[in-house]
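To be precise, the following lines are input.txt, and they hold compact mmCIF, C-alpha atoms.
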# COMPACT_ATOMS: atom_id res chain seq x y z
CA GLY A 1 42.00 110.75 52.09
CA ALA A 2 40.67 113.79 53.96
CA VAL A 3 43.71 114.43 56.10
CA VAL A 4 44.21 117.51 58.24
CA SER A 5 47.71 118.22 59.43
CA GLN A 6 48.24 120.40 62.48
CA HIS A 7 51.59 121.79 63.53
CA PRO A 8 53.24 121.97 65.99
CA SER A 9 51.98 119.07 68.08
CA TRP A 10 53.26 120.71 71.22
CA VAL A 11 54.85 124.00 72.14
CA ILE A 12 56.13 125.66 75.31
CA CYS A 13 56.40 129.42 75.34
CA LYS A 14 57.06 132.19 77.80
CA SER A 15 54.35 134.52 79.04
CA GLY A 16 53.93 137.50 76.80
CA THR A 17 55.11 135.83 73.63
CA SER A 18 53.00 134.78 70.64
CA VAL A 19 52.53 131.32 69.24
CA LYS A 20 51.28 130.35 65.78
CA ILE A 21 49.50 127.07 65.13
CA GLU A 22 48.99 125.85 61.57
CA CYS A 23 46.19 123.69 60.24
CA ARG A 24 46.50 122.30 56.71
CA SER A 25 44.11 120.23 54.66
CA LEU A 26 46.44 117.94 52.75
CA ASP A 27 44.26 116.40 50.08
CA PHE A 28 41.19 118.57 49.89
CA GLN A 29 40.18 122.18 49.83
CA ALA A 30 38.54 123.66 52.87
CA THR A 31 36.74 126.97 52.58
CA THR A 32 35.87 126.64 56.24
CA MET A 33 37.89 125.36 59.15
CA PHE A 34 37.03 125.29 62.81
CA TRP A 35 39.21 125.90 65.85
CA TYR A 36 38.52 124.27 69.19
CA ARG A 37 40.10 124.50 72.62
CA GLN A 38 40.11 121.73 75.19
CA PHE A 39 41.12 122.09 78.83
CA PRO A 40 42.18 118.98 80.79
CA LYS A 41 39.40 116.49 81.36
CA GLN A 42 36.92 118.72 79.59
CA SER A 43 35.22 118.66 76.24
CA LEU A 44 36.06 120.56 73.10
CA MET A 45 34.78 124.10 72.97
CA LEU A 46 34.41 125.84 69.65
CA MET A 47 36.49 129.01 69.53
CA ALA A 48 35.98 130.27 66.02
CA THR A 49 35.06 129.46 62.45
CA SER A 50 37.76 130.30 59.95
CA ASN A 51 36.58 131.35 56.49
CA GLU A 52 38.91 131.45 53.51
CA GLY A 53 39.39 134.99 52.29
CA SER A 54 37.27 136.64 54.95
CA LYS A 55 37.23 137.37 58.65
CA ALA A 56 36.81 134.60 61.15
CA THR A 57 33.66 134.26 63.20
CA TYR A 58 34.39 134.04 66.92
CA GLU A 59 32.27 132.41 69.57
CA GLN A 60 31.01 134.46 72.45
CA GLY A 61 33.68 135.01 75.06
CA VAL A 62 36.62 134.39 72.73
CA GLU A 63 38.84 137.43 72.31
CA LYS A 64 39.42 138.05 68.62
CA ASP A 65 42.42 140.28 69.31
CA LYS A 66 44.07 137.59 71.37
CA PHE A 67 43.36 134.64 69.10
CA LEU A 68 44.16 135.81 65.60
CA ILE A 69 42.90 133.59 62.81
CA ASN A 70 44.07 133.81 59.23
CA HIS A 71 42.68 131.63 56.44
CA ALA A 72 44.60 132.91 53.46
CA SER A 73 44.26 129.85 51.23
CA LEU A 74 41.93 126.93 50.68
CA THR A 75 44.31 124.59 52.46
CA LEU A 76 45.73 126.59 55.36
CA SER A 77 44.33 128.25 58.43
CA THR A 78 46.48 129.61 61.24
CA LEU A 79 45.68 130.46 64.84
CA THR A 80 48.02 132.85 66.60
CA VAL A 81 47.80 133.13 70.36
CA THR A 82 49.10 136.60 71.08
CA SER A 83 50.64 137.74 74.35
CA ALA A 84 50.15 134.30 75.78
CA HIS A 85 49.45 133.82 79.47
CA PRO A 86 49.49 130.64 81.58
CA GLU A 87 45.69 130.49 81.46
CA ASP A 88 45.96 130.07 77.67
CA SER A 89 47.66 126.73 78.24
CA SER A 90 45.37 124.22 76.60
CA PHE A 91 44.94 121.71 73.79
CA TYR A 92 44.00 123.41 70.52
CA ILE A 93 42.44 121.37 67.71
CA CYS A 94 41.38 122.35 64.22
CA SER A 95 38.96 120.59 61.94
CA ALA A 96 37.64 120.80 58.41
CA SER A 97 35.00 119.04 56.38
CA PRO A 98 35.60 117.92 52.80
CA MET A 99 31.92 117.91 52.11
CA ASP A 100 32.30 117.43 48.38
CA ARG A 101 33.43 113.90 49.12
CA GLY A 102 30.69 113.20 51.60
CA TYR A 103 33.11 112.67 54.46
CA GLY A 104 32.49 113.69 58.00
CA TYR A 105 34.64 116.18 59.78
CA THR A 106 38.36 115.56 59.94
CA PHE A 107 40.40 116.77 62.86
CA GLY A 108 44.02 117.70 63.21
CA SER A 109 46.07 115.88 65.82
CA GLY A 110 46.00 118.90 68.09
CA THR A 111 48.55 121.26 69.62
CA ARG A 112 49.41 121.16 73.30
CA LEU A 113 50.28 124.71 74.33
CA THR A 114 52.02 125.32 77.64
CA VAL A 115 52.70 128.89 78.67
CA VAL A 116 55.26 129.29 81.43
CA SER B 117 28.17 126.48 73.87
CA GLN B 118 27.81 122.77 74.41
CA GLN B 119 24.96 120.92 72.87
CA GLY B 120 25.11 117.48 74.29
CA GLU B 121 25.26 115.84 77.64
CA GLU B 122 26.84 112.44 77.89
CA ASP B 123 25.84 109.90 80.42
CA PRO B 124 27.64 108.51 82.31
CA GLN B 125 30.57 110.88 82.74
CA ALA B 126 32.82 107.95 83.59
CA LEU B 127 32.44 104.22 83.06
CA SER B 128 34.68 101.38 84.18
CA ILE B 129 34.12 97.85 82.89
CA GLN B 130 35.92 94.54 82.52
CA GLU B 131 37.33 93.45 79.20
CA GLY B 132 34.75 91.53 77.22
CA GLU B 133 31.78 93.39 78.67
CA ASN B 134 29.64 95.78 76.67
CA ALA B 135 29.82 99.53 77.22
CA THR B 136 26.86 101.81 76.64
CA MET B 137 27.12 105.57 76.54
CA ASN B 138 24.25 107.96 76.09
CA CYS B 139 24.06 111.44 74.69
CA SER B 140 21.30 114.02 74.75
CA TYR B 141 21.14 117.19 72.72
CA LYS B 142 18.99 120.27 72.61
CA THR B 143 18.36 121.52 69.10
CA SER B 144 17.40 120.09 65.74
CA ILE B 145 20.27 118.39 63.98
CA ASN B 146 21.39 117.29 60.55
CA ASN B 147 23.50 114.48 61.92
CA LEU B 148 25.08 113.18 65.11
CA GLN B 149 28.58 111.81 65.31
CA TRP B 150 30.60 109.90 67.85
CA TYR B 151 34.31 110.43 68.36
CA ARG B 152 36.99 108.77 70.45
CA GLN B 153 39.90 110.58 72.02
CA ASN B 154 42.81 108.91 73.68
CA SER B 155 44.37 110.89 76.48
CA GLY B 156 46.03 114.05 75.17
CA ARG B 157 45.56 113.05 71.55
CA GLY B 158 43.43 114.07 68.59
CA LEU B 159 39.96 112.89 67.77
CA VAL B 160 39.07 109.75 65.87
CA HIS B 161 35.78 109.72 64.01
CA LEU B 162 33.84 106.59 64.87
CA ILE B 163 30.46 106.83 63.25
CA LEU B 164 27.95 109.31 61.80
CA ILE B 165 24.22 108.84 61.94
CA ARG B 166 21.91 111.14 60.01
CA SER B 167 18.74 112.58 61.43
CA ASN B 168 16.59 110.30 59.29
CA GLU B 169 18.37 107.16 60.50
CA ARG B 170 17.52 105.27 63.64
CA GLU B 171 20.36 102.79 63.99
CA LYS B 172 23.76 102.21 62.51
CA HIS B 173 26.44 99.57 62.95
CA SER B 174 30.16 99.60 62.39
CA GLY B 175 32.13 96.59 63.57
CA ARG B 176 31.70 96.38 67.35
CA LEU B 177 29.92 99.73 67.44
CA ARG B 178 26.19 100.24 67.42
CA VAL B 179 24.66 103.70 67.45
CA THR B 180 21.02 104.57 67.87
CA LEU B 181 19.33 107.90 67.38
CA ASP B 182 15.95 108.96 68.73
CA THR B 183 15.16 112.41 67.37
CA SER B 184 11.88 112.58 69.28
CA LYS B 185 13.81 112.31 72.53
CA LYS B 186 16.85 114.14 71.17
CA SER B 187 19.09 111.35 72.34
CA SER B 188 21.62 108.88 71.01
CA SER B 189 23.45 105.90 72.40
CA LEU B 190 26.76 104.28 71.56
CA LEU B 191 27.23 100.61 72.34
CA ILE B 192 30.65 99.02 72.21
CA THR B 193 30.40 95.25 72.33
CA ALA B 194 33.05 92.86 73.61
CA SER B 195 35.18 95.72 74.89
CA ARG B 196 38.95 95.59 74.86
CA ALA B 197 41.57 97.37 76.93
CA ALA B 198 42.43 99.37 73.81
CA ASP B 199 38.92 100.86 73.88
CA THR B 200 39.95 102.87 76.96
CA ALA B 201 39.45 106.49 75.92
CA SER B 202 37.04 109.41 76.14
CA TYR B 203 34.02 109.26 73.89
CA PHE B 204 32.19 112.33 72.68
CA CYS B 205 29.01 112.83 70.78
CA ALA B 206 28.83 115.83 68.51
CA THR B 207 26.03 117.36 66.53
CA ALA B 208 25.83 119.57 63.47
CA LEU B 209 22.93 121.72 62.37
CA SER B 210 23.82 121.31 58.71
CA GLY B 211 26.52 119.98 56.46
CA ASN B 212 29.09 122.68 56.98
CA THR B 213 28.32 124.11 60.39
CA PRO B 214 30.73 123.45 63.25
CA LEU B 215 30.33 120.39 65.37
CA VAL B 216 29.15 121.03 68.90
CA PHE B 217 30.46 118.51 71.39
CA GLY B 218 28.98 116.94 74.46
CA LYS B 219 30.91 116.69 77.69
CA GLY B 220 32.12 113.18 77.00
CA THR B 221 32.29 109.83 78.74
CA ARG B 222 35.60 108.52 80.05
CA LEU B 223 35.64 104.78 79.48
CA SER B 224 38.11 102.53 81.26
CA VAL B 225 38.30 98.90 80.16
CA ILE B 226 40.16 96.77 82.65
CA ALA B 227 42.01 93.74 81.36

So, in terms of structure tokens, how does the structure I just supplied come out?
Amino acid sequence: GAVVSQHPSWVICKSGTSVKIECRSLDFQATTMFWYRQFPKQSLMLMATSNEGSKATYEQGVEKDKFLINHASLTLSTLTVTSAHPEDSSFYICSASPMDRGYGYTFGSGTRLTVV
Amino acid sequence: SQQGEEDPQALSIQEGENATMNCSYKTSINNLQWYRQNSGRGLVHLILIRSNEREKHSGRLRVTLDTSKKSSSLLITASRAADTASYFCATALSGNTPLVFGKGTRLSVIA
């Protein structure tokens, strides 16, 4: 149990286009999901906290207009990278915590974004 | 912002040896967790230790937590080549706050 599905696992897009990444909790409800970004050989940096039915909370330095987060249901959060640039190329990972079951945090398998 | 600092940043050992990784953090925590990440892949949860616990075991893993020193260690015994990965500690202030990750230790186990 406590599975988080992230899609797509990898994507290549052209500069200036937008890319949507989906994060689904498959067997639990998640009022809160978290989005992280990881550059090569670095650690995970929290980008934003996604709250179901309300606006996301962004970490300092993360552009909310560039990284649009929508958490419209208890099982789905999406991250849209708008007007992507090569410097947005990174590994994006979502996570959620089914706390009602006492589990720890569960992470999606990540999305490798390459902007060319 | 990052909470933890792992030590060492990289570790190379022979198969069968033990690997010890350390993590320090800055603020009060509810729990501390260790994760493994194979290159370019997602995270695998290894073990969670709560702030009122001092030591925890899971198979070949042993985790200690010293809240007075704000530090934790992960010991992998009898390492295998398959243990080659990056290991991260992560802390949470409370049950539903985001995890804050340390910089990680890259472990290489040579067969």

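For Asp199 (chain B), the non-local neighbours within 8 Å, defined as residues at least 2 positions apart in the same chain or in other chains and counting all atoms listed in the file, are Ser195, Arg196, Ala197, Ala201, Leu223, Ser224 and Val225 of chain B.
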
Could you save the residues just selected, with C-alpha atoms, as an mmCIF file, in the coordinates of the input?
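Below is the file part-v8.cif, written as the result:
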data_model
loop_
_atom_site.group_PDB
_atom_site.id
_atom_site.type_symbol
_atom_site.label_atom_id
_atom_site.label_comp_id
_atom_site.auth_asym_id
_atom_site.auth_seq_id
_atom_site.Cartn_x
_atom_site.Cartn_y
_atom_site.Cartn_z
ATOM 1 C CA SER B 195 35.180 95.720 74.890
ATOM 2 C CA ARG B 196 38.950 95.590 74.860
ATOM 3 C CA ALA B 197 41.570 97.370 76.930
ATOM 4 C CA ALA B 201 39.450 106.490 75.920
ATOM 5 C CA LEU B 223 35.640 104.780 79.480
ATOM 6 C CA SER B 224 38.110 102.530 81.260
ATOM 7 C CA VAL B 225 38.300 98.900 80.160
#

task: Measure the distance from CA of Met45 (chain A) to CA of Asp123 (chain B) in Å and round it to one decimal.
output: 18.4 Å

task: Residues of chain A no more than 6 Å from chain B, counting only C-alpha atoms: send them over as an MDAnalysis selection string.
output: chainID A and resid 43 109:110

Next, dump the selected residues to file, keeping only C-alpha atoms, as a PDB file, keeping the file's coordinate frame.
ATOM      1  CA  SER A  43      35.220 118.660  76.240  1.00  0.00           C
ATOM      2  CA  SER A 109      46.070 115.880  65.820  1.00  0.00           C
ATOM      3  CA  GLY A 110      46.000 118.900  68.090  1.00  0.00           C
TER       4      GLY A 110
END

message: Under the rule that only C-alpha atoms are counted, which of A:Thr75, A:Thr80, A:Thr32, A:Thr111 is the nearest residue to Thr17 (chain A)?
response: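 That would be A:Thr80, the residue with the smallest distance to Thr17 (chain A).
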
message: Under the rule that only C-alpha atoms are counted, which of B:Gln125, B:Ser140, B:Asn168, B:Thr180 is the nearest residue to Cys205 (chain B)?
response: B:Ser140

message: Taking all atoms listed in the file into account, name the residue in A:Ala96, A:Trp35, A:Phe28, A:Gln42 that is nearest to Glu122 (chain B).
response: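 Smallest distance to Glu122 (chain B) is found for A:Gln42.
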
query: A:Thr114, A:Gln38, A:Ser54, A:Asn70: which is nearest Cys23 (chain A), counting all atoms listed in the file?
result: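 Counting all atoms listed in the file, the residue closest to Cys23 (chain A) is A:Asn70.
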
task: Show me as number ranges by chain the residues that reach within 12 Å of (42.7, 129.4, 68.3), counting all atoms listed in the file and using the file's own coordinates.
output: A: 18-23, 33-38, 45-50, 56-59, 62-70, 77-82, 84, 88-95, 110-113

message: Using Å and a single decimal, report how far CA of His173 (chain B) sits from CA of Tyr151 (chain B).
response: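 Interatomic distance, CA of Tyr151 (chain B) to CA of His173 (chain B): 14.5 Å.
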
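Counting all atoms listed in the file, the residue from A:His71, A:Leu76, A:Pro40, A:Gly53 that sits nearest to Gln6 (chain A) is A:Leu76.
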
Where is the centre and how long are the edges: axis-aligned box on region 53-58 of chain A, 6 Å on each side, Å to one decimal, as lines of an AutoDock Vina configuration file:
center_x = 36.5
center_y = 135.7
center_z = 59.6
size_x = 17.7
size_y = 15.3
size_z = 26.6
